[in-house]
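Pasted below: final.cif, mmCIF, C-alpha atoms.
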data_input
loop_
_atom_site.label_atom_id
_atom_site.label_comp_id
_atom_site.auth_asym_id
_atom_site.auth_seq_id
_atom_site.Cartn_x
_atom_site.Cartn_y
_atom_site.Cartn_z
CA MET A 1 0.00 0.00 0.00
CA THR A 2 2.82 2.39 0.89
CA GLU A 3 4.67 1.68 -2.36
CA PHE A 4 1.46 2.23 -4.36
CA PHE A 5 0.95 5.61 -2.66
CA VAL A 6 4.55 6.64 -3.30
CA LEU A 7 4.38 5.53 -6.95
CA THR A 8 1.12 7.44 -7.50
CA LEU A 9 2.44 10.59 -5.85
CA GLY A 10 5.75 10.31 -7.73
CA THR A 11 3.95 9.84 -11.07
CA LEU A 12 1.76 12.89 -10.52
CA LEU A 13 4.80 14.93 -9.51
CA MET A 14 6.73 13.86 -12.61
CA VAL A 15 3.77 14.69 -14.88
CA TRP A 16 3.60 18.17 -13.35
CA MET A 17 7.35 18.62 -13.71
CA TRP A 18 7.20 17.43 -17.33
CA GLN A 19 4.64 20.11 -18.12
CA ARG A 20 6.78 22.78 -16.48
CA SER A 21 9.97 21.48 -18.12
CA GLN A 22 9.19 23.35 -21.35
CA GLN A 23 11.09 26.16 -19.65
CA PRO A 24 14.79 25.14 -19.93
CA LEU A 25 15.74 26.51 -16.50
CA PHE A 26 13.03 24.65 -14.58
CA LEU A 27 14.62 21.18 -14.50
CA ILE A 28 18.04 22.67 -13.79
CA ARG A 29 16.63 24.56 -10.82
CA VAL A 30 15.08 21.33 -9.56
CA GLY A 31 18.51 19.73 -9.90
CA LEU A 32 20.09 22.55 -7.89
CA VAL A 33 17.59 21.93 -5.08
CA PHE A 34 18.43 18.23 -5.19
CA ILE A 35 22.15 19.02 -4.88
CA VAL A 36 21.46 20.66 -1.53
CA LEU A 37 19.11 17.88 -0.41
CA ASN A 38 21.72 15.30 -1.36
CA GLN A 39 23.95 16.56 1.44
CA PHE A 40 21.29 15.48 3.92
CA PHE A 41 20.98 12.06 2.25
CA GLU A 42 24.73 11.45 2.35
CA ASN A 43 24.96 12.42 6.00
CA GLY A 44 22.14 10.08 6.93
CA LEU A 45 19.88 12.94 8.06
CA ILE A 46 17.26 11.96 5.45
CA PRO A 47 17.03 8.28 4.49
CA GLY A 48 16.89 7.31 0.82
CA TYR A 49 13.60 5.67 -0.17
CA GLN A 50 13.73 2.02 -1.21
CA LEU A 51 11.49 0.64 -3.93
CA ALA A 52 11.65 -3.10 -4.57
CA GLY A 53 14.94 -3.17 -2.68
CA TYR A 54 16.57 -0.37 -4.72
CA ASN A 55 17.64 2.96 -3.26
CA ILE A 56 15.78 5.73 -5.13
CA TYR A 57 17.28 9.21 -4.93
CA PRO A 58 15.81 12.50 -6.26
CA ASN A 59 18.43 12.86 -9.01
CA ASP A 60 17.37 9.51 -10.48
CA LEU A 61 13.86 10.81 -11.18
CA LEU A 62 15.21 14.13 -12.41
CA CYS A 63 17.44 12.40 -14.96
CA ILE A 64 14.43 10.55 -16.38
CA LEU A 65 12.73 13.89 -17.06
CA MET A 66 15.93 15.47 -18.40
CA PHE A 67 16.49 12.58 -20.78
CA SER A 68 12.87 12.67 -21.98
CA ARG A 69 12.95 16.43 -22.59
CA ALA A 70 16.37 16.25 -24.25
CA GLY A 71 15.19 13.46 -26.53
CA SER A 72 12.11 15.46 -27.50
CA ASN A 73 14.21 18.54 -28.27
CA ILE A 74 16.76 16.58 -30.30
CA ILE A 75 14.03 14.96 -32.44
CA ASN A 76 12.27 18.26 -33.07
CA ARG A 77 15.38 20.39 -33.53
CA LEU A 78 18.78 18.83 -34.12
CA ASP A 79 21.44 21.53 -33.96
CA ARG A 80 24.10 20.53 -36.48
CA SER A 81 26.76 22.52 -34.66
CA PHE A 82 26.43 20.11 -31.75
CA SER A 83 26.21 16.90 -33.75
CA PHE A 84 29.76 16.08 -32.66
CA LEU A 85 28.81 16.27 -28.97
CA HIS A 86 25.70 14.20 -29.62
CA ALA A 87 27.85 11.55 -31.28
CA CYS A 88 30.26 11.46 -28.31
CA LEU A 89 27.50 11.15 -25.71
CA PHE A 90 25.57 8.57 -27.71
CA THR A 91 28.79 6.55 -28.10
CA SER A 92 29.18 6.52 -24.31
CA ALA A 93 25.51 5.59 -23.88
CA PHE A 94 25.84 2.75 -26.42
CA LEU A 95 28.88 1.35 -24.60
CA LEU A 96 26.99 1.53 -21.31
CA ALA A 97 24.10 -0.38 -22.89
CA VAL A 98 26.50 -3.04 -24.18
CA SER A 99 28.12 -3.26 -20.76
CA THR A 100 24.69 -3.63 -19.14
CA TYR A 101 23.70 -6.41 -21.56
CA ARG A 102 26.93 -8.28 -20.89
CA GLY A 103 26.44 -7.85 -17.14
CA LEU A 104 22.93 -9.30 -17.27
CA ASN A 105 24.16 -12.28 -19.30
CA VAL A 106 26.63 -13.26 -16.58
CA ALA A 107 24.00 -12.80 -13.84
CA HIS A 108 25.67 -9.89 -12.07
CA ASP A 109 23.87 -8.30 -9.14
CA PRO A 110 21.32 -5.81 -10.61
CA LYS A 111 21.61 -3.56 -7.54
CA LEU A 112 25.37 -3.31 -8.00
CA MET A 113 24.83 -2.55 -11.68
CA VAL A 114 22.47 0.32 -10.84
CA ASN A 115 24.91 1.79 -8.32
CA GLN A 116 27.80 1.61 -10.79
CA ALA A 117 25.82 3.20 -13.62
CA ARG A 118 24.11 5.94 -11.58
CA ALA A 119 26.86 8.60 -11.57
CA VAL A 120 27.81 8.00 -15.22
CA VAL A 121 24.22 8.22 -16.42
CA GLN A 122 23.51 11.38 -14.43
CA TRP A 123 26.58 13.11 -15.93
CA GLN A 124 25.68 12.08 -19.48
CA VAL A 125 21.98 12.98 -19.20
CA ALA A 126 22.60 16.38 -17.60
CA LEU A 127 25.11 17.34 -20.27
CA LEU A 128 22.84 16.04 -23.04
CA TYR A 129 20.04 18.22 -21.66
CA PHE A 130 22.19 21.34 -21.91
CA ILE A 131 23.23 20.45 -25.47
CA SER A 132 19.62 19.94 -26.57
CA GLN A 133 18.49 23.45 -25.53
CA ILE A 134 18.76 26.80 -27.30
CA TRP A 135 20.34 29.22 -24.83
CA SER A 136 20.09 32.99 -24.71
CA GLU A 137 22.31 35.42 -22.86
CA ALA A 138 19.52 36.24 -20.42
CA GLN A 139 19.08 32.56 -19.56
CA ILE A 140 22.80 32.08 -18.97
CA THR A 141 22.85 35.16 -16.72
CA GLN A 142 19.86 33.87 -14.72
CA LEU A 143 21.40 30.41 -14.51
CA VAL A 144 24.58 31.83 -12.97
CA LYS A 145 22.45 33.65 -10.38
CA ASP A 146 20.71 30.36 -9.52
CA PHE A 147 24.12 28.72 -9.12
CA ILE A 148 25.14 31.48 -6.69
CA VAL A 149 22.01 30.93 -4.56
CA THR A 150 22.67 27.17 -4.50
CA SER A 151 26.30 27.73 -3.49
CA VAL A 152 25.19 29.96 -0.61
CA ALA A 153 22.80 27.20 0.52
CA LEU A 154 25.64 24.66 0.41
CA CYS A 155 27.77 27.02 2.49
CA GLY A 156 24.88 27.10 4.97
CA VAL A 157 25.01 23.29 5.18
CA ILE A 158 28.73 23.47 5.98
CA LEU A 159 28.20 26.13 8.67
CA ALA A 160 25.44 24.00 10.22
CA LYS A 161 27.76 20.97 10.33
CA ILE A 162 30.50 23.08 11.89
CA ALA A 163 28.03 24.18 14.56
CA MET A 164 27.13 20.52 15.21
CA LEU A 165 30.80 19.53 15.55
CA SER A 166 31.45 22.46 17.86
CA ALA A 167 28.51 21.38 20.02
CA GLY A 168 29.89 17.84 20.26
CA ILE A 169 27.26 16.31 17.96
CA PRO A 170 28.91 13.65 15.74
CA VAL A 171 28.64 14.20 12.00
CA VAL A 172 29.35 11.27 9.68
CA MET A 173 28.74 10.50 6.05
CA ASN A 174 26.51 7.57 5.17
CA ASN A 175 27.99 5.37 2.44
CA ASP A 176 25.50 2.57 1.71
CA GLY A 177 24.93 1.99 5.41
CA HIS A 178 28.58 2.37 6.44
CA THR A 179 29.97 5.40 8.22
CA VAL A 180 33.10 6.87 6.67
CA VAL A 181 35.50 9.70 7.49
CA PRO A 182 33.44 12.81 8.32
CA ARG A 183 33.56 15.47 5.63
CA MET A 184 32.02 18.91 5.59
CA ILE A 185 30.48 18.31 2.15
CA ARG A 186 30.83 15.90 -0.77
CA SER A 187 33.65 16.58 -3.19
CA ALA A 188 31.46 17.25 -6.25
CA ALA A 189 29.42 19.84 -4.33
CA SER A 190 32.63 21.54 -3.20
CA PHE A 191 33.82 21.66 -6.82
CA PHE A 192 30.43 23.07 -7.84
CA MET A 193 30.78 26.00 -5.42
CA MET A 194 34.29 26.73 -6.61
CA GLY A 195 33.21 26.54 -10.26
CA THR A 196 30.23 28.79 -9.57
CA TRP A 197 32.47 31.47 -8.09
CA LEU A 198 34.71 31.43 -11.15
CA ILE A 199 31.79 31.44 -13.61
CA ALA A 200 30.23 34.36 -11.72
CA SER A 201 33.52 36.24 -11.87
CA VAL A 202 34.14 35.65 -15.58
CA THR A 203 30.57 36.39 -16.70
CA GLY A 204 30.41 39.58 -14.64
CA ALA A 205 27.74 38.37 -12.21
CA LEU A 206 29.87 39.41 -9.23
CA GLU A 207 30.45 42.89 -10.67
CA SER A 208 26.69 43.35 -11.00
CA MET A 209 26.28 42.76 -7.24
CA LYS A 210 26.96 45.17 -4.45
CA LYS A 211 30.65 45.12 -3.63
CA SER A 212 30.00 43.98 -0.06
CA THR A 213 27.73 41.16 -1.24
CA ALA A 214 30.26 39.96 -3.83
CA THR A 215 33.04 40.04 -1.23
CA MET A 216 30.93 38.09 1.27
CA PHE A 217 30.10 35.46 -1.35
CA SER A 218 33.79 35.13 -2.27
CA CYS A 219 34.71 34.69 1.40
CA LEU A 220 32.04 32.01 1.89
CA VAL A 221 33.17 29.98 -1.14
CA LEU A 222 36.84 30.28 -0.17
CA PHE A 223 36.04 29.18 3.37
CA ALA A 224 33.88 26.28 2.12
CA THR A 225 36.65 25.10 -0.24
CA ILE A 226 39.28 25.16 2.51
CA VAL A 227 37.16 23.24 5.03
CA SER A 228 35.74 20.81 2.46
CA GLN A 229 38.51 18.35 3.42
CA HIS A 230 38.90 17.21 -0.19
CA ARG A 231 42.52 17.53 -1.23
CA SER A 232 41.68 16.90 -4.90
CA VAL A 233 39.33 19.90 -4.85
CA TRP A 234 42.12 22.01 -3.33
CA LEU A 235 44.45 21.02 -6.17
CA ALA A 236 41.76 21.65 -8.79
CA GLY A 237 41.18 25.07 -7.23
CA ILE A 238 44.86 25.96 -7.49
CA VAL A 239 44.89 24.94 -11.17
CA MET A 240 41.73 26.96 -11.77
CA ILE A 241 43.08 30.13 -10.13
CA VAL A 242 46.54 29.97 -11.73
CA LEU A 243 45.10 29.47 -15.22
CA TRP A 244 42.45 32.15 -14.68
CA VAL A 245 45.03 34.71 -13.59
CA SER A 246 47.07 33.84 -16.68
CA LEU A 247 44.12 34.26 -19.08
CA SER A 248 42.22 37.08 -17.42
CA ARG A 249 42.38 40.54 -18.95
CA LYS A 250 41.52 42.12 -15.61
CA ALA A 251 42.99 42.03 -12.13
CA ALA A 252 41.69 38.66 -10.94
CA LEU A 253 44.20 37.91 -8.20
CA PRO A 254 43.52 41.02 -6.04
CA ARG A 255 39.87 39.99 -5.61
CA LEU A 256 40.89 36.56 -4.36
CA LEU A 257 43.55 37.97 -2.04
CA GLN A 258 41.05 40.45 -0.64
CA ALA A 259 38.58 37.67 0.17
CA PHE A 260 41.33 35.58 1.75
CA GLY A 261 42.47 38.50 3.91
CA ILE A 262 38.94 39.29 5.11
CA LEU A 263 38.31 35.61 5.85
CA LEU A 264 41.55 35.29 7.83
CA VAL A 265 40.83 38.39 9.90
CA GLY A 266 37.28 37.21 10.56
CA LEU A 267 38.42 33.79 11.79
CA VAL A 268 41.01 35.35 14.08
CA LEU A 269 38.40 37.68 15.60
CA LEU A 270 35.81 34.92 16.08
CA ALA A 271 38.18 32.25 17.43
CA PRO A 272 38.14 33.46 21.09
CA PHE A 273 34.33 33.46 21.19
CA VAL A 274 33.51 30.18 19.43
CA LYS A 275 34.40 26.67 20.57
CA LEU A 276 35.77 24.87 17.51
CA ASP A 277 37.50 21.83 18.99
CA GLY A 278 35.45 19.25 17.05
CA PHE A 279 35.71 21.24 13.85
CA ALA A 280 39.48 21.70 14.25
CA ASP A 281 39.93 17.94 14.80
CA ALA A 282 38.00 17.18 11.60
CA ILE A 283 40.11 19.60 9.56
CA MET A 284 43.39 18.38 11.02
CA SER A 285 42.49 14.81 10.05
CA SER A 286 42.59 15.85 6.39
CA PHE A 287 46.06 17.39 6.71
CA GLU A 288 47.29 14.32 8.59
CA ARG A 289 46.03 12.00 5.84
CA ALA A 290 47.62 14.25 3.24
CA ALA A 291 50.98 13.86 5.01
CA ASP A 292 50.55 10.07 5.19
CA GLN A 293 51.34 8.89 1.67
CA LYS A 294 50.11 5.38 2.42
CA ASP A 295 46.55 6.69 2.61
CA THR A 296 46.67 8.96 -0.42
CA VAL A 297 49.11 9.00 -3.34
CA GLN A 298 50.80 5.64 -2.82
CA TRP A 299 47.52 3.84 -2.07
CA ARG A 300 45.81 5.24 -5.13
CA TYR A 301 48.78 4.57 -7.39
CA GLU A 302 48.74 0.92 -6.37
CA SER A 303 44.97 0.83 -6.83
CA TRP A 304 45.22 2.20 -10.37
CA GLN A 305 47.92 -0.31 -11.27
CA ASP A 306 45.73 -3.14 -10.04
CA VAL A 307 42.66 -1.98 -11.97
CA LEU A 308 44.62 -1.84 -15.23
CA SER A 309 46.17 -5.28 -14.70
CA PRO A 310 45.10 -8.17 -17.01
CA SER A 311 43.93 -10.17 -14.00
CA PHE A 312 41.42 -7.44 -13.10
CA MET A 313 40.28 -6.47 -16.62
CA GLY A 314 39.77 -10.09 -17.63
CA SER A 315 40.30 -9.93 -21.41
CA ASP A 316 41.81 -7.75 -24.13
CA ALA A 317 38.31 -6.85 -25.39
CA ASN A 318 37.47 -5.32 -22.02
CA TYR A 319 40.24 -2.75 -22.51
CA ILE A 320 38.41 -1.58 -25.65
CA ILE A 321 34.72 -1.67 -24.61
CA GLY A 322 34.94 -2.08 -20.83
CA ARG A 323 34.08 -4.83 -18.38
CA PRO A 324 30.49 -6.10 -17.99
CA LEU A 325 28.48 -3.77 -15.76
CA GLY A 326 28.18 -5.08 -12.23
CA SER A 327 31.63 -6.70 -12.22
CA ASP A 328 33.18 -6.99 -8.79
CA TRP A 329 35.66 -4.25 -7.82
CA GLY A 330 37.22 -6.37 -5.10
CA ARG A 331 41.03 -6.43 -5.14
CA THR A 332 43.95 -6.49 -2.74
CA ILE A 333 45.99 -3.31 -2.34
CA GLY A 334 49.06 -3.92 -0.25
CA LYS A 335 47.70 -6.17 2.48
CA THR A 336 44.16 -4.81 2.45
CA TYR A 337 41.21 -6.16 0.48
CA VAL A 338 39.02 -3.33 -0.85
CA THR A 339 35.86 -3.10 -2.97
CA VAL A 340 35.94 0.62 -3.80
CA GLN A 341 36.10 1.89 -7.38
CA ALA A 342 39.21 3.27 -9.05
CA HIS A 343 39.05 6.82 -7.59
CA ASN A 344 40.26 8.02 -10.99
CA ASN A 345 37.83 8.97 -13.75
CA TYR A 346 40.23 8.06 -16.57
CA ILE A 347 41.01 4.58 -15.26
CA GLN A 348 37.43 4.01 -14.18
CA HIS A 349 36.30 4.82 -17.73
CA ILE A 350 38.66 2.20 -19.12
CA ALA A 351 37.25 -0.33 -16.66
CA ASN A 352 33.60 0.57 -17.30
CA ASP A 353 33.42 1.39 -21.03
CA GLY A 354 36.94 0.93 -22.31
CA VAL A 355 39.32 3.21 -24.13
CA ILE A 356 36.54 4.15 -26.60
CA GLY A 357 34.39 5.52 -23.78
CA LEU A 358 37.31 7.46 -22.33
CA LEU A 359 38.10 9.03 -25.71
CA ALA A 360 34.44 9.98 -26.17
CA GLU A 361 34.36 11.90 -22.88
CA MET A 362 37.73 13.56 -23.51
CA ALA A 363 36.47 14.62 -26.95
CA VAL A 364 33.57 16.47 -25.27
CA LEU A 365 35.98 18.39 -23.05
CA LEU A 366 38.32 19.13 -25.97
CA PHE A 367 35.36 20.47 -27.96
CA LEU A 368 34.53 22.87 -25.13
CA ILE A 369 38.13 24.07 -24.83
CA VAL A 370 38.46 24.80 -28.57
CA ASN A 371 35.11 26.57 -28.85
CA LEU A 372 35.42 28.59 -25.64
CA PHE A 373 38.45 30.32 -27.13
CA LYS A 374 36.09 31.54 -29.86
CA THR A 375 33.98 33.41 -27.30
CA ARG A 376 34.48 36.54 -25.21
CA LEU A 377 34.57 34.35 -22.08
CA ARG A 378 37.65 32.28 -22.89
CA GLU A 379 38.63 32.27 -19.18
CA LEU A 380 35.92 29.65 -18.65
CA VAL A 381 38.31 27.02 -20.03
CA THR A 382 39.70 27.00 -16.50
CA ILE A 383 36.56 25.06 -15.48
CA VAL A 384 37.53 22.32 -17.94
CA ALA A 385 41.15 22.35 -16.70
CA ALA A 386 39.96 22.07 -13.09
CA SER A 387 37.65 19.19 -14.08
CA LEU A 388 40.54 17.32 -15.68
CA THR A 389 42.49 17.75 -12.43
CA TYR A 390 39.53 16.67 -10.32
CA TYR A 391 39.09 13.53 -12.46
CA VAL A 392 42.47 12.23 -11.28
CA SER A 393 40.82 11.28 -7.97
CA TYR A 394 37.07 11.24 -8.62
CA SER A 395 34.60 10.29 -11.33
CA ALA A 396 32.35 12.55 -13.42
CA GLN A 397 29.26 13.49 -11.42
CA PHE A 398 26.03 15.47 -11.76
CA GLU A 399 27.39 18.67 -10.20
CA LEU A 400 30.31 18.80 -12.63
CA ALA A 401 27.91 18.28 -15.55
CA LEU A 402 26.03 21.42 -14.49
CA CYS A 403 29.25 23.48 -14.49
CA LEU A 404 30.18 22.12 -17.92
CA GLY A 405 26.60 22.71 -19.06
CA VAL A 406 27.02 26.46 -18.51
CA LEU A 407 30.03 26.29 -20.83
CA VAL A 408 27.87 24.55 -23.44
CA GLY A 409 25.36 27.38 -23.12
CA VAL A 410 28.08 30.01 -23.57
CA VAL A 411 29.47 28.24 -26.64
CA SER A 412 26.02 27.92 -28.23
CA CYS A 413 24.86 31.50 -27.49
CA PRO A 414 25.70 33.93 -30.35
CA ALA A 415 25.85 36.85 -27.89
CA PHE A 416 29.16 35.56 -26.53
CA SER A 417 30.76 34.82 -29.89
CA LEU A 418 33.81 36.73 -31.09
CA ASN A 419 32.88 36.26 -34.73
CA ARG A 420 29.46 37.88 -34.64
CA LYS A 421 28.90 41.62 -34.48
CA LEU A 422 26.01 42.51 -32.21
CA GLU A 423 24.24 45.72 -31.41
CA ASP A 424 25.38 47.48 -28.26
CA GLU A 425 22.19 46.65 -26.41
CA GLU A 426 22.70 42.93 -27.06
CA LEU A 427 26.15 42.77 -25.49
CA PHE A 428 26.48 41.95 -21.81
CA ASP A 429 28.11 44.82 -19.94
CA PRO A 430 28.53 44.22 -16.17
CA VAL A 431 28.92 47.93 -15.45
CA ARG A 432 25.75 48.81 -17.36
CA GLU A 433 23.86 46.00 -15.64
CA ARG A 434 24.92 47.31 -12.21
CA GLN A 435 23.86 50.83 -13.18
CA LYS A 436 20.45 49.55 -14.24
CA ARG A 437 20.06 47.72 -10.93
CA LEU A 438 21.00 50.82 -8.94
CA SER A 439 18.57 52.96 -10.94
CA ARG A 440 15.76 50.52 -10.23
CA MET A 441 16.59 50.59 -6.50
CA ALA A 442 16.53 54.39 -6.56
#
With the file now loaded, output its structure as structure tokens.
Amino acid sequence: MTEFFVLTLGTLLMVWMWQRSQQPLFLIRVGLVFIVLNQFFENGLIPGYQLAGYNIYPNDLLCILMFSRAGSNIINRLDRSFSFLHACLFTSAFLLAVSTYRGLNVAHDPKLMVNQARAVVQWQVALLYFISQIWSEAQITQLVKDFIVTSVALCGVILAKIAMLSAGIPVVMNNDGHTVVPRMIRSAASFFMMGTWLIASVTGALESMKKSTATMFSCLVLFATIVSQHRSVWLAGIVMIVLWVSLSRKAALPRLLQAFGILLVGLVLLAPFVKLDGFADAIMSSFERAADQKDTVQWRYESWQDVLSPSFMGSDANYIIGRPLGSDWGRTIGKTYVTVQAHNNYIQHIANDGVIGLLAEMAVLLFLIVNLFKTRLRELVTIVAASLTYYVSYSAQFELALCLGVLVGVVSCPAFSLNRKLEDEELFDPVRERQKRLSRMA
């Protein structure tokens, strides 16, 4: 009876969302809400619903709607300029289908197959949805604003968890029923906040805000990145900032240094009045693990070697098209038996859909790099560079697809092109936008 009620309610909700999804930003905004809610799921504060023994999460339902709407748009209006991206994503989808068929033939656990495919499918579907839309400059500008609001909400989650740690309330992450090392926020969400800050800076969204508001947002994102406890996100952030400073035509570094200085002064002033013992212990654990090479670089290097070994891959054909979906990830690293995935997007692609699947995803990123240099926002290539750095330790996920989706929108929007002459009123001018906002306030 309960499952029937949930299915009925879920069906009605999806029908309503399908009707509203004619507006391109609607489903993306739903996805942004789910990103925040996902932090509660991963910390065990909200349990995931089980249907027929399968864990059902909000993003799973969202991807069904995104795929349906993207398919409808592609059938009705196939943009030839993006046929290359369609081909790359459909190649990955075909390999995943082949891998699923092979996994079913060898009677692999269907639940394990769903868990292994979930992140890959969400990344592919979200990016396909962006590619299938026609984007305007106004929509891109509004989308960046929505990203900023979501990032502020994620910062609020981090501050709430810090308050819980300071009060002595244990905070753990729930990983399929097992508690793991406490983190302030998941790595993909931390990358999303960092990417949002850079996109807002490059597109001029920060300049259109009040200076105090923009500075506060920069301080929050910088603080959230530092306390995220994800060393791969720290490294991706360094790559992003260095490349941005190199490409930017304006003084980018002073803004970051100003936010860092304000944040440092604020922490020093608040330290005597706030008890942060639990929070400090959680942060120090990340630095201690970073200093212990057995738990980071050396461990992962041995893990990658093992995944690429013939004994793990099984056959030469699996190197080309990937292993059957649902294959066991159990292996011995050093003296420890583990069942975790590769913790490297490139190697995990080879294991899941072979070298062909890896080349298809890299071709998508290369397409974005080449075409972003043909726009007025070439600094956004730093998002791609940071993603490539992030992929050394983690796989492609839904949050990263949203950041890359903004780049797809910029590439497809004529207003950002260098090769098209537009009227003055069509061009995005941050200074003019701020003046308009101030005049409306007056």
Next item on the list: Using the chain letters and numbers from the file, give me the residues hit by the PyMOL selection byres ((chain A and resi 372-384) around 9), as a ChimeraX atom specification.
Entry: /A:195,198-199,202-203,239-248,365-371,385-389,403-404,407-408,410-411,414-419
Check: When you draw a straight line from CA of Gly156 (chain A) to CA of Phe398 (chain A), how long is it in Å?
Finding: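 Separation of CA of Gly156 (chain A) and CA of Phe398 (chain A): 20.4 Å.
Look at Trp197 (chain A): the protein and nucleic acid residues within 9 Å of it, using all atoms listed in the file and passing over chain neighbours fewer than 4 places away, are Phe147, Ile148, Ser151, Phe192, Met193, Ser201, Val202, Leu206, Phe217, Ser218 and Val221 of chain A.
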Report as CSV: every residue of region 304-403 of chain A with an atom at most 12 Å from region 20-38 of chain A, its closest pair of atoms, and their distance in Å to one decimal, counting only C-alpha atoms, with rows sorted by chain and ascending residue number.
residue,atom,partner,partner_atom,distance
A:Gln397,CA,A:Ile35,CA,11.1
A:Phe398,CA,A:Ile35,CA,8.7
A:Glu399,CA,A:Ile35,CA,7.5
A:Leu400,CA,A:Ile35,CA,11.3
A:Ala401,CA,A:Ile28,CA,10.9
A:Leu402,CA,A:Ile28,CA,8.1
A:Cys403,CA,A:Ile28,CA,11.3
Next item on the list: Extract, using all atoms listed in the file, all DNA, RNA and protein residues at most 10 Å from Ile185 (chain A), discarding same-chain residues fewer than 3 positions from it, and format them as a list in words.
Entry: Asn38, Gln39, Phe40, Glu42, Asn43, Leu154, Cys155, Val157, Ile158, Lys161, Met173, Pro182, Ala188, Ala189, Ser190, Ala224, Thr225, Val227, Ser228, Gln229 and His230 of chain A
Write a file of the just-selected residues containing C-alpha atoms, as a short mmCIF file (atom, residue, chain, number, x, y, z; two decimals), in the coordinates of the input.
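Okay, this is what ended up in again.cif:
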data_model
loop_
_atom_site.label_atom_id
_atom_site.label_comp_id
_atom_site.auth_asym_id
_atom_site.auth_seq_id
_atom_site.Cartn_x
_atom_site.Cartn_y
_atom_site.Cartn_z
CA ASN A 38 21.72 15.30 -1.36
CA GLN A 39 23.95 16.56 1.44
CA PHE A 40 21.29 15.48 3.92
CA GLU A 42 24.73 11.45 2.35
CA ASN A 43 24.96 12.42 6.00
CA LEU A 154 25.64 24.66 0.41
CA CYS A 155 27.77 27.02 2.49
CA VAL A 157 25.01 23.29 5.18
CA ILE A 158 28.73 23.47 5.98
CA LYS A 161 27.76 20.97 10.33
CA MET A 173 28.74 10.50 6.05
CA PRO A 182 33.44 12.81 8.32
CA ALA A 188 31.46 17.25 -6.25
CA ALA A 189 29.42 19.84 -4.33
CA SER A 190 32.63 21.54 -3.20
CA ALA A 224 33.88 26.28 2.12
CA THR A 225 36.65 25.10 -0.24
CA VAL A 227 37.16 23.24 5.03
CA SER A 228 35.74 20.81 2.46
CA GLN A 229 38.51 18.35 3.42
CA HIS A 230 38.90 17.21 -0.19
#
Notebook entry, point to check: CA of Phe130 (chain A) and CA of Asn352 (chain A), how far apart in Å?
Noted result: 24.1 Å
Margin query: Need the shell around Val233 (chain A): protein/DNA/RNA residues with any atom at most 7 Å away, counting only C-alpha atoms. Skip same-chain ones fewer than 5 positions apart. Format as a PyMOL selection string?
Written below: chain A and resi 187+191+390
Checklist line | Nearest to Gln116 (chain A) by atom-to-atom distance, counting only C-alpha atoms, from A:Leu65, A:Leu143, A:Ala236, A:Ala351 | finding: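 Of all the options, A:Ala351 lies closest to Gln116 (chain A).
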Check: Hey, what's within 10 Å of Ser99 (chain A) if we count only C-alpha atoms and toss same-chain stuff fewer than 2 positions away? As a list in words, please?
Finding: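 Residues near the query, excluding close chain neighbours: Ala93, Phe94, Leu95, Leu96, Ala97, Tyr101, Arg102, Gly103, Leu104, Asn105, Met113, Ala117, Asn318, Ile321, Gly322, Arg323, Pro324, Leu325, Gly326, Ser327, Asn352, Asp353 and Gly354 of chain A.
Separating CA of Arg186 (chain A) from CA of Asp60 (chain A) is a distance of 17.8 Å.
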Next item on the list: Run the PyMOL selection byres ((chain A and resi 303-311) around 10) on the file and write out the hits as an MDAnalysis selection string.
Entry: chainID A and resid 297:302 312:316 318:319 329:334 338 340:344 346:348 350:351
Check: Looking at A:Ser412, A:Ala87, A:Met66, A:Lys145, which one is nearest to Met209 (chain A), with distances taken over only C-alpha atoms?
Finding: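 Under the stated criterion, the closest residue is A:Lys145.
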